[in-house]
Amino acid sequence: MNEHVTMDAPRLSVPDRAISSARMKVERAAWAARYYRNFSREAVLAIAEAVARAGYEKAGHFADLAVAETGFGVVEHKKIKNELCTHELLDYYRDMDLVTPRIDKERKIVELPKPAGVVFALAPATNPVATVYYKAMLAILSRNAIVISPHPVAKSVSAAAARLLAEAAEAAGAPSGLIQCVEEPSIPLVQDIMSSDRINVIVATGGTAMVRAAYSSGNPALGVGPGNAVAYVDTTARADAAARCLVESKSFDNSILCTNESVVLTLDQNRGNMERALRTAGAHVCNEADTDRLRDYLFGGHGINLEAIGKSAAWIAERAGIRVSPSAKILVPVVATPGQDDFLFREKLCPVLTLTSAVDFQQALTFAKHTARRGAGHSAAFHGEDTARLVRYSQEMPVYRVVVNAPCSQGAAGFATYLPPSFTIGTGFAGRSSIGENLGPHHLVQWTRIAYGKEVPADLHEIDLSTVSSDRSAPRDLAVATPPAGREPSGFSRDDLRQLILEELRSLNGAGK
Amino acid sequence: MFNYGYFAFDSKEDLLRKAAEFWNPGKVNFWTEAGTPMVIDRREGYFLYDMTGKRLIDLHLNGGTYNFGHRHPELVEVLKSGLDYFDMGNHWFPSVARAAFAEKLVQTAPHMKYAIFGAGGAEAVEIALKTARYATKRKKIVSIIKGYHGHSGLSVATGDERFSKIFLSDRPDEFIHVPFNDADALEDVLKKGDVAAFIIETIPATYGFPLPKDGYLKACQDLCRKYGTKFIADEVQTGLMRTGVMWGWQGYGLTPDIFVCGKGLGGGIYPISACLVNEECGGWLVEDGAAHISTSGGAELGCLVGHHVLEMLQRPEVISNVHFVAEFFAQGMAEMMRRHSDVFVGVRQRGVVLGLEFDHPEGAVAVSRALYENGVWAIFSSLDKRVLQFKPGVVLDVDLCQEILDRFDAAMPRARQLLKSGRRAA
């Protein structure tokens, strides 16, 4: 310090309060996890229901706030995504029992579920609230505590959403601190917590750099990579239906999902047909000059122009200097030759879908493979009826999801298909990730396997597993922090009674002095 | 060889020899004979390391001084940053750190008006007693039997005669002692109308944390009001979230006229204490602000650290952690008592202030030793050696809490053995 300090700059250096608080949140989560890991299945489901209900009610409110805060996406679409992460997500996993021990009498194996403990989750700017909802629900169902670090541009809405869920969870009997959100996220903070030995697993959804950092942290991590989905429209496809899927998918939430199609690929003989179908479905198909303008606007600098992310087609067209009908839902630049070097073949988190065509299926396959490498391990779409080509396509493509005859945005994320609903899309080994599936609560639980010798007797009929998960055992004093939701049945549990007896003994001892 | 750069010792034995020769032979011998001959070398978090390298989990915390653990990195950062700008400061002049800290303290207790600083708890008590005398123009001070409020001139006279008689500092005519948890006894003394103050620790620490009976403290405060006596809450061990709220008196629905705090206020890295007074009692600060002067009381570095200590204690994460730790040991100690009911007979607890009762006049001395052998440092109560002071820190984590409980369980057979041999000797 010296006399040259400016008027407003602090004269003393101040510790980073946000990092310090985040570390304390992790400790608090560890306490919550300690109690929550023993909760019964009924108690877990009751908390999940309460959280789903609370989240659903405020889905629209937070969709509003998210778009206002980040400038990304479409309010009504965000509302749908938020809603999907409540009752629908819970319904999907309701029957996945991650609480009750499993007994395999044949193989003489008993399995006991062991939750991870403290989950540290990164949430992106693109789907802030849906990701908070989704990851919190996964944590609840897997009996883990979670600390969420939102993207800085979405920090307020993320924190508000997390607070709402936390309150609902606590009111339903969850230990305090089960769901927490960092209020002031920063890169040093995320690095500090990610490398902390106080967390048990990282669930990273976000940019490549952040995901790689998660894997390098020294902690177990479940990360995802970027996507760059190719939709192949075969000649056997019904062009109009395919075009409707594509337009619906690309315009959904202004294409902010990483599962959205980036390139639509067909065969030369079918290209005119697709242009017509896309136009009919509400797309603006660009001429050569418009295509060049769009390329210059989106990729004129280094990488994609960030201001275009999550904006509407009309907004982008205006910025790029293209005249379009105000009702245009998406923009379709056309690149006649499927060379892999055109910038327009890169990932575009905005309603811009590049159309190209190959001379034959073999060339299409080769091109699709190369394009998908930019978003390796992610998703692709196939439109058509030729199952032989579908299998070849799926076999060759370095992706772990191929959505058939459905919008890829919603399909790969499990909302228009029977895939698990997810906002964390595992990009697997191809995408340098540890899981290739859609992330689910089962990824946050591991099992202790009790295995008898093959030849020794194992009386598994008599085995008592009642101590593995007990009735809710949250400390009662803590539940007082938020008003109970009137769910606690009257009468005493065995724990209560034991506590009372001990207290009585204690007072007797005290009286003797 | 223990080379500290500025000084060096060949061995722990060498240090003990020199400590006995130049410092305090009585204390050196006492701890050696007690079987807990600790000489703290390194310290970090809630861990202490003896010169032998033995690691101990600190549940003594010097009465809450190490509420946040030893050398909490954030507090160390604050003090270091303060050293780039401040020093102790000039006690005659207004100062930024003192004004800011005083304001922050007063905000924690809105019925208070001023914060007056000292360097240690005894000094704060001294200020409190002088303030009460000023406000009432009376001299007598009442405290509880086996009370403890420090070792300075006035404060030592309020406490047990063990600490006053040896220095001929007991003053039975001015300092009257009444039994704890007996409001009638207090009234008998107060009703003469000549008592300036009744001072009491919200939970008497050195007495082994006996809990005040329901309504006792409130009755004492009401009696004080009735007879024009100032009610002084000594919050040195019960303040700073240790009972689950910022100040222990808040939890008992009290509004003391004066209260004192110290220990953890300086984060264990810079000594500071404070006496908070209401407007009426603080009249002397208007009449003659220099009536009490303290060169190191309210040192600016201490104010800076104290300011940050309060800020940290007010964080929702810390408040939540305190409740988790308190609840963990409530459940854990109930379980321990069930498992070791032959020796372990009672738990006194409020927040993270615990007194564990053992069924032997020197029970806590044996348990302290057994815990020490098992890597935990917790001290017995000086004035009731049946009771072990068990004082977990406010930011203890779940794993360490479990480890403490496991070590406690493991230490009980040894404690039993020590008690049996003790009984025979007795």
# chains A, B, ... in the order shown; residues from 1 in each chain; ligands from 1
$ select_by_dssp --residues "stretch 80-211 of chain B" --states "helix (DSSP H, G or I)" --output "MDAnalysis selection string"
chainID B and resid 80:83 96:107 121:136 153:158 161:167 183:190
$ residues_around --residues "A:Val157" --least-positions-apart "5" --cutoff "10 Å" --atoms "only C-alpha atoms" --output "PDB file with C-alpha atoms, in the first residue's frame"
ATOM      1  CA  HIS A  61     -41.256 -17.080 -13.279  1.00  0.00           C
ATOM      2  CA  PHE A  62     -37.691 -18.339 -13.486  1.00  0.00           C
ATOM      3  CA  ALA A  63     -37.890 -18.666 -17.277  1.00  0.00           C
ATOM      4  CA  ASP A  64     -38.668 -14.959 -17.356  1.00  0.00           C
ATOM      5  CA  LEU A  65     -35.840 -14.106 -15.038  1.00  0.00           C
ATOM      6  CA  ALA A  66     -33.377 -16.339 -16.894  1.00  0.00           C
ATOM      7  CA  VAL A  67     -34.024 -14.709 -20.259  1.00  0.00           C
ATOM      8  CA  ALA A  68     -33.940 -11.263 -18.662  1.00  0.00           C
ATOM      9  CA  GLU A  69     -30.651 -11.946 -16.932  1.00  0.00           C
ATOM     10  CA  THR A  70     -28.793 -13.809 -19.692  1.00  0.00           C
ATOM     11  CA  PRO A 128     -29.430 -22.039 -16.007  1.00  0.00           C
ATOM     12  CA  VAL A 129     -32.651 -22.874 -14.217  1.00  0.00           C
ATOM     13  CA  VAL A 132     -30.304 -26.225 -11.376  1.00  0.00           C
ATOM     14  CA  PRO A 150     -23.861 -21.267 -11.856  1.00  0.00           C
ATOM     15  CA  ALA A 162     -31.728 -23.112  -5.857  1.00  0.00           C
ATOM     16  CA  ARG A 163     -33.048 -21.249  -2.832  1.00  0.00           C
ATOM     17  CA  GLU A 183     -23.899 -16.584  -5.118  1.00  0.00           C
TER      18      GLU A 183
END
$ interface_residues --of "chain B" --to "chain A" --cutoff "10 Å" --atoms "only C-alpha atoms" --output "ChimeraX atom specification"
/B:73-78,80-86,210,308,312,315-328,330-331,334-335,337-338,345-348,357,359,395-399
$ residues_around --residues "stretch 109-126 of chain A" --least-positions-apart "6" --cutoff "8 Å" --atoms "only C-alpha atoms" --output "VMD selection string"
chain A and resid 26 29 to 30 33 to 34 37 70 72 to 73 98 to 103 132 135 139 142 to 154 193 to 194 198 to 207 256 to 257 310 444 to 452 468
$ residues_around --residues "B:Gly159" --least-positions-apart "4" --cutoff "8 Å" --atoms "only C-alpha atoms" --output "ChimeraX atom specification"
/B:143-150,155,163-164
$ select_by_dssp --residues "stretch 31-211 of chain A" --states "strand (DSSP E or B)" --output "ChimeraX atom specification"
/A:102-104,109-115,118-122,145-149,179-181,201-204
$ residues_around --residues "A:Ser249" --least-positions-apart "4" --cutoff "12 Å" --atoms "only C-alpha atoms" --output "PyMOL selection string"
chain A and resi 77+229+231+242-245+253-262+264+281+283+329-330+349-353+381+403+405-413+415-416
$ residues_around --residues "B:Lys391" --least-positions-apart "2" --cutoff "10 Å" --atoms "only C-alpha atoms" --output "number ranges by chain"
B: 58-64, 66-67, 237, 242, 349, 351-355, 377-379, 388-389, 393-394
$ residues_around --residues "B:Gly253" --least-positions-apart "3" --cutoff "8 Å" --atoms "only C-alpha atoms" --output "PyMOL selection string"
chain B and resi 218+249-250
$ write_last_selection --atoms "all heavy atoms" --output "tab-separated table (two decimals), in the first residue's frame"
chain	number	residue	atom	x	y	z
B	218	LYS	N	-33.20	-14.78	34.03
B	218	LYS	CA	-34.19	-13.72	33.86
B	218	LYS	C	-34.60	-13.16	35.24
B	218	LYS	O	-34.72	-11.95	35.42
B	218	LYS	CB	-35.41	-14.28	33.12
B	218	LYS	CG	-36.47	-13.24	32.78
B	218	LYS	CD	-35.95	-12.24	31.76
B	218	LYS	CE	-36.99	-11.29	31.19
B	218	LYS	NZ	-37.88	-10.68	32.17
B	249	TRP	N	-26.72	-14.44	26.12
B	249	TRP	CA	-27.88	-13.82	26.78
B	249	TRP	C	-29.07	-13.70	25.86
B	249	TRP	O	-30.22	-13.71	26.31
B	249	TRP	CB	-27.51	-12.47	27.40
B	249	TRP	CG	-26.83	-11.46	26.52
B	249	TRP	CD1	-25.49	-11.18	26.48
B	249	TRP	CD2	-27.44	-10.58	25.55
B	249	TRP	NE1	-25.22	-10.20	25.56
B	249	TRP	CE2	-26.39	-9.80	24.98
B	249	TRP	CE3	-28.74	-10.36	25.12
B	249	TRP	CZ2	-26.61	-8.84	24.00
B	249	TRP	CZ3	-28.98	-9.40	24.14
B	249	TRP	CH2	-27.93	-8.66	23.59
B	250	GLN	N	-28.81	-13.63	24.53
B	250	GLN	CA	-29.93	-13.54	23.60
B	250	GLN	C	-30.81	-14.78	23.70
B	250	GLN	O	-32.03	-14.71	23.64
B	250	GLN	CB	-29.41	-13.39	22.15
B	250	GLN	CG	-28.75	-12.05	21.89
B	250	GLN	CD	-28.06	-11.99	20.55
B	250	GLN	OE1	-27.40	-12.94	20.13
B	250	GLN	NE2	-28.19	-10.87	19.86
$ atom_distance --atom1 "atom CA of B:Leu129" --atom2 "atom CA of B:Ala233"
11.1 Å
